[in-house]
>>> print(open('entry_36.tsv').read())   # TSV, C-alpha atoms
chain	number	residue	atom	x	y	z
A	1	MET	CA	-113.69	37.09	-91.29
A	2	ALA	CA	-113.85	36.01	-87.69
A	3	ALA	CA	-112.95	32.41	-86.99
A	4	LEU	CA	-115.87	29.99	-87.12
A	5	ARG	CA	-116.55	28.40	-83.77
A	6	LEU	CA	-118.02	25.00	-84.39
A	7	GLY	CA	-119.89	22.91	-81.88
A	8	SER	CA	-121.58	25.87	-80.17
A	9	LEU	CA	-125.11	27.08	-80.73
A	10	PRO	CA	-125.32	29.58	-83.60
A	11	PRO	CA	-125.67	33.23	-82.60
A	12	ALA	CA	-128.74	35.33	-83.29
A	13	THR	CA	-129.34	35.79	-86.99
A	14	LEU	CA	-130.66	38.57	-89.15
A	15	THR	CA	-134.39	37.93	-89.03
A	16	ALA	CA	-135.48	41.45	-89.92
A	17	ILE	CA	-133.62	41.91	-93.20
A	18	THR	CA	-135.65	41.91	-96.38
A	19	VAL	CA	-134.16	38.94	-98.12
A	20	THR	CA	-134.79	40.12	-101.67
A	21	LYS	CA	-132.22	42.91	-101.31
A	22	LYS	CA	-128.46	43.11	-101.43
A	23	CYS	CA	-126.85	44.00	-98.13
A	24	GLU	CA	-123.50	45.39	-97.16
A	25	ARG	CA	-121.61	46.06	-93.94
A	26	PHE	CA	-122.21	49.55	-92.51
A	27	ASN	CA	-121.00	50.94	-89.20
A	28	GLY	CA	-120.52	47.49	-87.74
A	29	GLY	CA	-123.92	46.28	-88.90
A	30	VAL	CA	-125.73	45.56	-92.13
A	31	LYS	CA	-127.68	47.97	-94.29
A	32	VAL	CA	-130.13	47.16	-97.05
A	33	VAL	CA	-129.39	48.57	-100.49
A	34	GLY	CA	-130.94	48.15	-103.92
A	35	ASP	CA	-130.10	45.18	-106.13
A	36	GLY	CA	-128.68	46.98	-109.15
A	37	GLY	CA	-128.26	44.42	-111.95
A	38	GLY	CA	-125.39	44.40	-114.41
A	39	ASP	CA	-125.53	44.24	-118.21
A	40	ASN	CA	-128.36	42.08	-119.56
A	41	GLY	CA	-129.80	41.86	-116.05
A	42	PHE	CA	-127.05	39.64	-114.62
A	43	PRO	CA	-126.00	40.35	-111.03
A	44	PRO	CA	-122.76	42.36	-111.05
A	45	PHE	CA	-120.97	39.83	-108.83
A	46	LEU	CA	-121.17	37.05	-111.45
A	47	PRO	CA	-118.03	36.47	-113.56
A	48	LYS	CA	-118.09	38.30	-116.90
A	49	GLU	CA	-117.93	34.90	-118.62
A	50	VAL	CA	-121.66	34.55	-117.91
A	51	GLU	CA	-122.19	36.64	-121.06
A	52	LYS	CA	-120.77	33.81	-123.17
A	53	ILE	CA	-123.38	31.29	-122.02
A	54	LYS	CA	-126.01	30.55	-124.65
A	55	ASP	CA	-128.37	28.23	-122.76
A	56	PRO	CA	-131.52	30.35	-122.16
A	57	PHE	CA	-132.44	28.48	-118.99
A	58	ALA	CA	-129.00	29.09	-117.49
A	59	ARG	CA	-129.14	32.77	-118.44
A	60	ASN	CA	-132.60	33.18	-116.93
A	61	LEU	CA	-131.67	31.49	-113.66
A	62	ALA	CA	-128.38	33.42	-113.45
A	63	ARG	CA	-130.36	36.68	-113.53
A	64	ARG	CA	-132.23	35.57	-110.41
A	65	ILE	CA	-129.20	34.78	-108.26
A	66	LYS	CA	-129.07	36.91	-105.09
A	67	ARG	CA	-126.68	37.23	-102.19
A	68	LEU	CA	-128.06	37.06	-98.66
A	69	PRO	CA	-126.09	37.85	-95.50
A	70	VAL	CA	-125.55	34.69	-93.48
A	71	GLN	CA	-124.06	35.04	-90.01
A	72	ILE	CA	-121.25	32.59	-89.28
A	73	GLY	CA	-119.51	33.78	-86.13
A	74	CYS	CA	-119.70	36.86	-83.99
A	75	SER	CA	-122.43	39.47	-84.51
A	76	GLU	CA	-120.39	41.27	-87.19
A	77	SER	CA	-119.36	38.22	-89.22
A	78	TYR	CA	-121.44	37.56	-92.32
A	79	ILE	CA	-120.98	35.79	-95.62
A	80	MET	CA	-122.91	37.23	-98.54
A	81	SER	CA	-124.25	33.88	-99.72
A	82	SER	CA	-125.54	33.22	-103.22
A	83	CYS	CA	-128.85	31.52	-103.92
A	84	VAL	CA	-132.06	31.67	-105.91
A	85	GLN	CA	-135.06	32.58	-103.76
A	86	PRO	CA	-138.64	31.40	-104.23
A	87	LEU	CA	-141.26	33.70	-105.74
A	88	ILE	CA	-144.04	32.16	-103.66
A	89	GLN	CA	-144.63	30.73	-100.19
A	90	ALA	CA	-146.55	27.50	-100.52
A	91	ASP	CA	-148.53	25.43	-98.04
A	92	ALA	CA	-146.19	22.49	-98.53
A	93	ASN	CA	-142.80	22.70	-96.86
A	94	PRO	CA	-140.12	24.33	-99.02
A	95	VAL	CA	-137.94	22.38	-101.42
A	96	VAL	CA	-134.26	23.27	-101.05
A	97	LEU	CA	-131.92	22.31	-103.87
A	98	LEU	CA	-128.22	21.61	-103.34
A	99	HIS	CA	-125.75	20.85	-106.13
A	100	CYS	CA	-122.94	18.44	-107.01
A	101	PHE	CA	-119.27	18.68	-106.05
A	102	ASP	CA	-117.61	21.90	-107.21
A	103	SER	CA	-120.69	23.29	-108.91
A	104	SER	CA	-123.40	25.92	-108.39
A	105	CYS	CA	-127.14	26.51	-108.25
A	106	LEU	CA	-127.11	26.84	-112.06
A	107	GLU	CA	-127.26	23.05	-112.16
A	108	TRP	CA	-130.99	23.52	-111.58
A	109	ARG	CA	-131.49	25.76	-114.62
A	110	CYS	CA	-133.86	23.31	-116.35
A	111	ALA	CA	-135.74	21.94	-113.35
A	112	TYR	CA	-136.12	25.10	-111.22
A	113	PRO	CA	-138.75	26.86	-113.36
A	114	LEU	CA	-140.72	23.60	-113.65
A	115	LEU	CA	-140.71	23.18	-109.86
A	116	GLU	CA	-142.06	26.71	-109.52
A	117	GLU	CA	-144.72	26.00	-112.13
A	118	SER	CA	-145.83	23.02	-110.05
A	119	GLY	CA	-146.65	25.41	-107.20
A	120	LEU	CA	-143.77	24.55	-104.87
A	121	GLU	CA	-141.72	26.98	-102.80
A	122	VAL	CA	-138.20	26.38	-104.10
A	123	TRP	CA	-134.76	27.53	-103.00
A	124	ALA	CA	-131.56	26.77	-104.93
A	125	LEU	CA	-128.49	27.24	-102.72
A	126	ASP	CA	-124.77	27.43	-103.32
A	127	VAL	CA	-122.87	25.26	-100.84
A	128	LEU	CA	-120.18	27.20	-98.96
A	129	GLY	CA	-116.96	27.22	-100.99
A	130	TRP	CA	-118.67	26.75	-104.35
A	131	GLY	CA	-121.08	28.84	-106.38
A	132	PHE	CA	-121.05	32.64	-106.35
A	133	SER	CA	-120.92	33.80	-102.72
A	134	ASP	CA	-118.57	36.55	-101.58
A	135	LEU	CA	-115.65	34.70	-100.00
A	136	GLY	CA	-113.03	37.41	-100.43
A	137	ARG	CA	-112.01	36.90	-96.81
A	138	LEU	CA	-111.93	33.14	-97.08
A	139	PRO	CA	-113.62	31.18	-94.26
A	140	SER	CA	-112.92	27.53	-93.60
A	141	CYS	CA	-114.62	25.41	-96.26
A	142	ASN	CA	-114.48	22.03	-94.53
A	143	VAL	CA	-117.51	19.80	-93.93
A	144	ALA	CA	-118.37	21.28	-90.53
A	145	SER	CA	-118.24	24.82	-91.94
A	146	LYS	CA	-120.43	23.92	-94.92
A	147	ARG	CA	-122.96	22.32	-92.56
A	148	TYR	CA	-122.99	25.27	-90.16
A	149	HIS	CA	-123.36	27.79	-92.98
A	150	LEU	CA	-126.33	25.87	-94.41
A	151	TYR	CA	-127.93	25.72	-90.97
A	152	GLN	CA	-127.52	29.46	-90.46
A	153	LEU	CA	-129.05	30.20	-93.86
A	154	TRP	CA	-131.95	27.88	-93.08
A	155	LYS	CA	-132.45	29.40	-89.63
A	156	SER	CA	-132.34	32.98	-90.92
A	157	TYR	CA	-134.50	32.69	-94.04
A	158	ILE	CA	-136.19	29.34	-94.66
A	159	LYS	CA	-137.31	28.67	-91.08
A	160	ARG	CA	-139.45	25.60	-91.81
A	161	PRO	CA	-138.63	21.89	-92.16
A	162	MET	CA	-137.53	21.39	-95.76
A	163	VAL	CA	-137.40	18.76	-98.43
A	164	LEU	CA	-133.64	18.75	-99.00
A	165	VAL	CA	-132.52	17.65	-102.46
A	166	GLY	CA	-128.92	16.57	-103.08
A	167	PRO	CA	-127.49	15.28	-106.38
A	168	SER	CA	-124.21	13.33	-106.51
A	169	LEU	CA	-121.93	14.63	-103.71
A	170	GLY	CA	-124.81	16.91	-102.74
A	171	ALA	CA	-126.44	13.75	-101.41
A	172	ALA	CA	-123.58	13.43	-98.90
A	173	VAL	CA	-124.07	17.09	-97.96
A	174	ALA	CA	-127.78	16.41	-97.44
A	175	ILE	CA	-127.25	13.27	-95.33
A	176	ASP	CA	-124.65	14.97	-93.15
A	177	PHE	CA	-126.97	17.94	-92.60
A	178	ALA	CA	-130.09	15.85	-91.93
A	179	VAL	CA	-128.34	13.76	-89.28
A	180	ASN	CA	-126.91	16.81	-87.50
A	181	TYR	CA	-129.97	19.07	-87.80
A	182	PRO	CA	-132.98	16.73	-88.05
A	183	GLU	CA	-135.38	19.49	-87.03
A	184	ALA	CA	-134.57	21.35	-90.26
A	185	VAL	CA	-135.27	18.47	-92.66
A	186	GLU	CA	-138.65	16.87	-93.29
A	187	LYS	CA	-137.64	14.62	-96.22
A	188	LEU	CA	-134.62	13.87	-98.40
A	189	VAL	CA	-134.32	13.45	-102.16
A	190	LEU	CA	-130.99	11.97	-103.28
A	191	ILE	CA	-130.22	11.98	-107.02
A	192	ASN	CA	-127.54	9.56	-108.25
A	193	PRO	CA	-126.05	9.80	-104.77
A	194	SER	CA	-122.28	9.73	-104.27
A	195	VAL	CA	-122.12	8.82	-100.59
A	196	TYR	CA	-119.66	5.94	-100.27
A	197	ALA	CA	-116.42	7.76	-101.00
A	198	GLU	CA	-114.34	8.05	-97.84
A	199	GLY	CA	-113.65	11.74	-98.14
A	200	THR	CA	-110.92	13.07	-100.39
A	201	GLY	CA	-108.60	10.21	-99.39
A	202	ASN	CA	-104.92	10.67	-100.12
A	203	LEU	CA	-105.61	14.06	-101.68
A	204	ALA	CA	-105.91	15.42	-98.15
A	205	LYS	CA	-102.23	14.58	-97.59
A	206	LEU	CA	-100.88	16.38	-100.65
A	207	PRO	CA	-98.44	19.26	-100.18
A	208	LYS	CA	-100.19	22.58	-100.77
A	209	VAL	CA	-98.24	23.28	-103.96
A	210	VAL	CA	-99.35	19.95	-105.45
A	211	ALA	CA	-102.93	20.49	-104.29
A	212	TYR	CA	-103.03	23.87	-106.03
A	213	ALA	CA	-101.67	22.33	-109.22
A	214	GLY	CA	-104.37	19.67	-109.13
A	215	VAL	CA	-107.10	22.24	-108.56
A	216	SER	CA	-105.79	24.31	-111.47
A	217	LEU	CA	-106.20	21.21	-113.66
A	218	LEU	CA	-109.74	20.76	-112.32
A	219	LYS	CA	-110.67	24.16	-113.77
A	220	THR	CA	-109.43	23.44	-117.29
A	221	PHE	CA	-111.95	23.34	-120.10
A	222	PRO	CA	-110.85	19.96	-121.57
A	223	LEU	CA	-111.24	18.17	-118.23
A	224	ARG	CA	-114.62	19.76	-117.59
A	225	LEU	CA	-115.77	18.92	-121.10
A	226	TYR	CA	-114.74	15.29	-120.61
A	227	ALA	CA	-116.70	15.16	-117.34
A	228	ASN	CA	-119.69	16.65	-119.14
A	229	LEU	CA	-119.52	13.99	-121.84
A	230	LEU	CA	-119.54	11.32	-119.13
A	231	ALA	CA	-122.44	12.92	-117.27
A	232	PHE	CA	-124.88	13.20	-120.16
A	233	ASN	CA	-126.22	10.81	-122.75
A	234	ASP	CA	-126.11	11.68	-126.45
A	235	ILE	CA	-126.17	15.47	-126.39
A	236	PRO	CA	-124.75	17.49	-129.31
A	237	LEU	CA	-121.17	18.69	-128.96
A	238	SER	CA	-122.24	22.33	-129.23
A	239	LYS	CA	-124.59	21.90	-126.26
A	240	SER	CA	-121.93	20.01	-124.30
A	241	VAL	CA	-119.50	22.89	-124.85
A	242	ASP	CA	-122.06	25.43	-123.65
A	243	TRP	CA	-123.03	23.33	-120.63
A	244	THR	CA	-119.34	22.99	-119.80
A	245	ASN	CA	-119.15	26.78	-119.66
A	246	VAL	CA	-122.17	26.79	-117.34
A	247	GLY	CA	-120.62	24.14	-115.10
A	248	ARG	CA	-117.30	25.95	-114.71
A	249	LEU	CA	-118.61	29.52	-114.42
A	250	HIS	CA	-118.08	29.58	-110.65
A	251	CYS	CA	-114.41	28.61	-111.19
A	252	HIS	CA	-113.81	32.19	-112.33
A	253	MET	CA	-114.62	33.52	-108.85
A	254	PRO	CA	-111.39	34.95	-107.39
A	255	TRP	CA	-111.54	32.79	-104.26
A	256	TRP	CA	-112.44	29.51	-105.98
A	257	LYS	CA	-108.99	27.94	-106.05
A	258	ASP	CA	-108.27	28.67	-102.37
A	259	ALA	CA	-111.70	27.40	-101.26
A	260	THR	CA	-111.35	24.18	-103.26
A	261	VAL	CA	-107.89	23.43	-101.88
A	262	ASN	CA	-109.18	24.19	-98.39
A	263	PHE	CA	-111.94	21.61	-98.83
A	264	MET	CA	-109.61	19.05	-100.39
A	265	VAL	CA	-107.00	19.11	-97.62
A	266	SER	CA	-109.73	19.08	-94.93
A	267	GLY	CA	-110.63	15.50	-95.84
A	268	GLY	CA	-114.01	16.04	-97.50
A	269	TYR	CA	-117.27	14.15	-96.91
A	270	ASN	CA	-117.34	10.68	-95.35
A	271	VAL	CA	-120.95	9.90	-94.43
A	272	VAL	CA	-120.89	6.09	-94.55
A	273	SER	CA	-121.37	5.83	-90.78
A	274	GLN	CA	-124.26	8.34	-90.86
A	275	ILE	CA	-126.44	6.59	-93.42
A	276	LYS	CA	-128.25	4.35	-90.95
A	277	GLN	CA	-128.85	7.35	-88.67
A	278	VAL	CA	-131.05	9.10	-91.21
A	279	LYS	CA	-134.58	9.31	-89.78
A	280	GLN	CA	-136.24	11.19	-92.63
A	281	LYS	CA	-138.26	9.56	-95.38
A	282	THR	CA	-135.98	9.47	-98.43
A	283	LEU	CA	-136.48	9.22	-102.18
A	284	ILE	CA	-133.54	8.00	-104.29
A	285	ILE	CA	-133.67	9.00	-107.97
A	286	CYS	CA	-131.36	6.95	-110.15
A	287	GLY	CA	-130.44	7.58	-113.78
A	288	GLU	CA	-130.24	4.17	-115.46
A	289	ASN	CA	-127.28	5.17	-117.64
A	290	ASP	CA	-125.18	6.85	-114.96
A	291	LYS	CA	-121.52	6.37	-115.93
A	292	ILE	CA	-120.10	8.08	-112.83
A	293	VAL	CA	-121.89	6.49	-109.85
A	294	SER	CA	-122.82	2.83	-110.14
A	295	ASN	CA	-126.49	1.91	-109.88
A	296	GLN	CA	-125.36	-0.87	-107.53
A	297	LEU	CA	-124.32	1.78	-105.00
A	298	ALA	CA	-127.78	3.33	-105.24
A	299	MET	CA	-129.26	-0.09	-104.48
A	300	ARG	CA	-126.92	-0.48	-101.51
A	301	LEU	CA	-128.06	2.91	-100.21
A	302	LEU	CA	-131.70	1.93	-100.66
A	303	PHE	CA	-131.24	-1.06	-98.35
A	304	GLU	CA	-129.11	0.79	-95.78
A	305	LEU	CA	-131.39	3.79	-95.31
A	306	PRO	CA	-134.10	3.09	-92.71
A	307	ASN	CA	-137.00	4.58	-94.73
A	308	ALA	CA	-136.24	4.90	-98.43
A	309	SER	CA	-137.74	4.24	-101.85
A	310	MET	CA	-136.19	4.41	-105.31
A	311	GLN	CA	-137.30	5.61	-108.73
A	312	ARG	CA	-135.28	4.84	-111.85
A	313	VAL	CA	-135.17	7.26	-114.78
A	314	PRO	CA	-134.51	5.61	-118.17
A	315	ASP	CA	-132.23	7.16	-120.80
A	316	SER	CA	-130.64	9.40	-118.19
A	317	GLY	CA	-127.07	9.85	-117.04
A	318	HIS	CA	-125.46	11.22	-113.89
A	319	LEU	CA	-127.14	14.66	-113.94
A	320	THR	CA	-130.70	13.42	-114.20
A	321	HIS	CA	-132.12	16.74	-113.00
A	322	VAL	CA	-130.51	18.41	-116.03
A	323	ASP	CA	-131.18	15.92	-118.84
A	324	LYS	CA	-134.61	14.71	-117.65
A	325	PRO	CA	-135.96	17.71	-115.70
A	326	ARG	CA	-139.68	17.04	-116.21
A	327	ARG	CA	-139.41	13.51	-114.87
A	328	VAL	CA	-137.35	14.62	-111.87
A	329	VAL	CA	-139.71	17.51	-111.12
A	330	LYS	CA	-142.71	15.16	-111.18
A	331	LEU	CA	-140.95	12.80	-108.75
A	332	ILE	CA	-139.92	15.62	-106.39
A	333	SER	CA	-143.34	17.26	-106.52
A	334	ASP	CA	-145.25	14.05	-105.80
A	335	PHE	CA	-142.84	13.10	-103.00
A	336	THR	CA	-143.03	16.55	-101.40
A	337	ARG	CA	-146.82	16.57	-101.31
A	338	ALA	CA	-147.25	12.95	-100.21
A	339	LYS	CA	-148.22	12.42	-96.58
>>> encode(input="entry_36.tsv", output="structure tokens")
Amino acid sequence: MAALRLGSLPPATLTAITVTKKCERFNGGVKVVGDGGGDNGFPPFLPKEVEKIKDPFARNLARRIKRLPVQIGCSESYIMSSCVQPLIQADANPVVLLHCFDSSCLEWRCAYPLLEESGLEVWALDVLGWGFSDLGRLPSCNVASKRYHLYQLWKSYIKRPMVLVGPSLGAAVAIDFAVNYPEAVEKLVLINPSVYAEGTGNLAKLPKVVAYAGVSLLKTFPLRLYANLLAFNDIPLSKSVDWTNVGRLHCHMPWWKDATVNFMVSGGYNVVSQIKQVKQKTLIICGENDKIVSNQLAMRLLFELPNASMQRVPDSGHLTHVDKPRRVVKLISDFTRAK
């Protein structure tokens, strides 16, 4: 993959490609080919472990994941980028869903169909370096690269100011993007936002061999299960086990470890200085029983953002969009349509 040149205007993008198709490189360009699903309708690029997932909402959303070519450098440099595309084009500006740190668009398995039922045009994107994109020739996965990739996807396919939704670290991704590309963002929705961490801290200074060991631990089932138990309130163990398998599915992608180390040693997100630069109207959604990000930090963010409001969701933990999807969908829908 050609080196990503940051700080310059993005090159011309693929505006003529039918975005509901898979594409592949052909004679220096891109050709459109049929989708061709795998067993049980799952895209063939998903890890085989998807078959083990029992959650019907996760299975249904996984079947809808596509890869779109997103240009990142010279005219022949594309990343086949994973996302869930909307079925409709609505009058209201599109809602674009990001995800938490080291996760995927499957986070939105419960809320996505409800957002569609409400009549909204909804995209669920995988942030560069996570999810199910084709990163066999690994690009840089630092903050600037993630931002640029999201901009190129927006410019090529979404093309209208969006309501950008970011949960947890996804809120930092959303703030960073909104400040750098204000023309692309109409409003922000930040769910249990994790925006006050100063990057990856001392992890950025670790020797590569230690960083890889730490990332290998991050993939392990016991650690992911523990994080799941912290994130949700009072769910049965059997469901927690299944949701852990959903949450770590992307870790089986062959490039995942390299991409995660690349992000870690790059320094990560530090958006504290950008918060007061946010011009967009912002809704903060806060789970009252969040055990991972303090509600006090959400209150601090409410006062520091120039134009923000907050809604609390009772009996909800860190992943409010998963454990209370109907409430979150109602809040997002009302906020999107409000003048």
>>> residues_around(input="entry_36.tsv", residues="Asp323 (chain A)", least_positions_apart="5", cutoff="12 Å", atoms="only C-alpha atoms", output="ChimeraX atom specification")
/A:107-111,228,231-235,239-240,243,287,289-290,313-318,328-329
>>> write_last_selection(input="entry_36.tsv", atoms="C-alpha atoms", output="compact mmCIF listing (two decimals), in the coordinates of the input")
# COMPACT_ATOMS: atom_id res chain seq x y z
CA GLU A 107 -127.26 23.05 -112.16
CA TRP A 108 -130.99 23.52 -111.58
CA ARG A 109 -131.49 25.76 -114.62
CA CYS A 110 -133.86 23.31 -116.35
CA ALA A 111 -135.74 21.94 -113.35
CA ASN A 228 -119.69 16.65 -119.14
CA ALA A 231 -122.44 12.92 -117.27
CA PHE A 232 -124.88 13.20 -120.16
CA ASN A 233 -126.22 10.81 -122.75
CA ASP A 234 -126.11 11.68 -126.45
CA ILE A 235 -126.17 15.47 -126.39
CA LYS A 239 -124.59 21.90 -126.26
CA SER A 240 -121.93 20.01 -124.30
CA TRP A 243 -123.03 23.33 -120.63
CA GLY A 287 -130.44 7.58 -113.78
CA ASN A 289 -127.28 5.17 -117.64
CA ASP A 290 -125.18 6.85 -114.96
CA VAL A 313 -135.17 7.26 -114.78
CA PRO A 314 -134.51 5.61 -118.17
CA ASP A 315 -132.23 7.16 -120.80
CA SER A 316 -130.64 9.40 -118.19
CA GLY A 317 -127.07 9.85 -117.04
CA HIS A 318 -125.46 11.22 -113.89
CA VAL A 328 -137.35 14.62 -111.87
CA VAL A 329 -139.71 17.51 -111.12
>>> axis_aligned_box(input="entry_36.tsv", around="region 97-106 of chain A", padding_each_side="3 Å", output="AutoDock Vina command-line options")
--center_x -124.8 --center_y 22.6 --center_z -107.7 --size_x 20.3 --size_y 14.4 --size_z 14.7
>>> residues_around(input="entry_36.tsv", residues="Gly119 (chain A)", least_positions_apart="4", cutoff="12 Å", atoms="all atoms listed in the file", output="list in words")
Pro86, Leu87, Ile88, Gln89, Ala90, Asp91, Ala92, Asn93, Pro94, Val95, Tyr112, Pro113, Leu114, Leu115, Val329, Lys330, Ile332, Ser333, Asp334, Thr336 and Arg337 of chain A
>>> closest_residue(input="entry_36.tsv", among="A:Tyr212, A:Tyr196, A:Tyr78, A:Tyr226", to="Lys257 (chain A)", atoms="all atoms listed in the file")
A:Tyr212
>>> atom_distance(input="entry_36.tsv", atom1="CA of Leu164 (chain A)", atom2="CA of Leu98 (chain A)")
7.5 Å
>>> atom_distance(input="entry_36.tsv", atom1="CA of Ile53 (chain A)", atom2="CA of Leu237 (chain A)")
14.6 Å
>>> atom_distance(input="entry_36.tsv", atom1="CA of Leu188 (chain A)", atom2="CA of Cys141 (chain A)")
23.2 Å
>>> closest_residue(input="entry_36.tsv", among="A:Ser118, A:Ser81, A:Asn245, A:Ser273", to="Arg326 (chain A)", atoms="all atoms listed in the file")
A:Ser118
>>> build_atoms(input="entry_36.tsv", residues="region 100-111 of chain A", atoms="N, CA, C and O atoms", output="PDB file, keeping the file's coordinate frame")
ATOM      1  N   CYS A 100    -124.014  19.429-107.030  1.00  0.00           N
ATOM      2  CA  CYS A 100    -122.940  18.440-107.010  1.00  0.00           C
ATOM      3  C   CYS A 100    -121.638  19.057-106.492  1.00  0.00           C
ATOM      4  O   CYS A 100    -121.556  20.250-106.207  1.00  0.00           O
ATOM      5  N   PHE A 101    -120.610  18.223-106.410  1.00  0.00           N
ATOM      6  CA  PHE A 101    -119.270  18.680-106.050  1.00  0.00           C
ATOM      7  C   PHE A 101    -118.805  19.775-107.003  1.00  0.00           C
ATOM      8  O   PHE A 101    -118.961  19.664-108.220  1.00  0.00           O
ATOM      9  N   ASP A 102    -118.237  20.837-106.431  1.00  0.00           N
ATOM     10  CA  ASP A 102    -117.610  21.900-107.210  1.00  0.00           C
ATOM     11  C   ASP A 102    -118.517  22.393-108.323  1.00  0.00           C
ATOM     12  O   ASP A 102    -118.157  22.369-109.505  1.00  0.00           O
ATOM     13  N   SER A 103    -119.694  22.862-107.936  1.00  0.00           N
ATOM     14  CA  SER A 103    -120.690  23.290-108.910  1.00  0.00           C
ATOM     15  C   SER A 103    -121.412  24.519-108.359  1.00  0.00           C
ATOM     16  O   SER A 103    -120.876  25.241-107.526  1.00  0.00           O
ATOM     17  N   SER A 104    -122.635  24.751-108.832  1.00  0.00           N
ATOM     18  CA  SER A 104    -123.400  25.920-108.390  1.00  0.00           C
ATOM     19  C   SER A 104    -124.883  25.661-108.569  1.00  0.00           C
ATOM     20  O   SER A 104    -125.297  24.646-109.140  1.00  0.00           O
ATOM     21  N   CYS A 105    -125.683  26.621-108.118  1.00  0.00           N
ATOM     22  CA  CYS A 105    -127.140  26.510-108.250  1.00  0.00           C
ATOM     23  C   CYS A 105    -127.591  26.488-109.698  1.00  0.00           C
ATOM     24  O   CYS A 105    -128.735  26.096-109.985  1.00  0.00           O
ATOM     25  N   LEU A 106    -126.734  26.878-110.644  1.00  0.00           N
ATOM     26  CA  LEU A 106    -127.110  26.840-112.060  1.00  0.00           C
ATOM     27  C   LEU A 106    -127.336  25.430-112.583  1.00  0.00           C
ATOM     28  O   LEU A 106    -127.873  25.258-113.683  1.00  0.00           O
ATOM     29  N   GLU A 107    -126.920  24.438-111.816  1.00  0.00           N
ATOM     30  CA  GLU A 107    -127.260  23.050-112.160  1.00  0.00           C
ATOM     31  C   GLU A 107    -128.767  22.868-112.329  1.00  0.00           C
ATOM     32  O   GLU A 107    -129.222  22.011-113.082  1.00  0.00           O
ATOM     33  N   TRP A 108    -129.543  23.675-111.616  1.00  0.00           N
ATOM     34  CA  TRP A 108    -130.990  23.520-111.580  1.00  0.00           C
ATOM     35  C   TRP A 108    -131.699  24.376-112.624  1.00  0.00           C
ATOM     36  O   TRP A 108    -132.906  24.598-112.536  1.00  0.00           O
ATOM     37  N   ARG A 109    -130.950  24.837-113.624  1.00  0.00           N
ATOM     38  CA  ARG A 109    -131.490  25.760-114.620  1.00  0.00           C
ATOM     39  C   ARG A 109    -132.714  25.212-115.342  1.00  0.00           C
ATOM     40  O   ARG A 109    -133.634  25.974-115.681  1.00  0.00           O
ATOM     41  N   CYS A 110    -132.742  23.907-115.612  1.00  0.00           N
ATOM     42  CA  CYS A 110    -133.860  23.310-116.350  1.00  0.00           C
ATOM     43  C   CYS A 110    -135.020  22.948-115.424  1.00  0.00           C
ATOM     44  O   CYS A 110    -136.193  23.127-115.781  1.00  0.00           O
ATOM     45  N   ALA A 111    -134.706  22.447-114.254  1.00  0.00           N
ATOM     46  CA  ALA A 111    -135.740  21.940-113.350  1.00  0.00           C
ATOM     47  C   ALA A 111    -136.371  23.044-112.487  1.00  0.00           C
ATOM     48  O   ALA A 111    -137.555  22.940-112.126  1.00  0.00           O
TER      49      ALA A 111
END
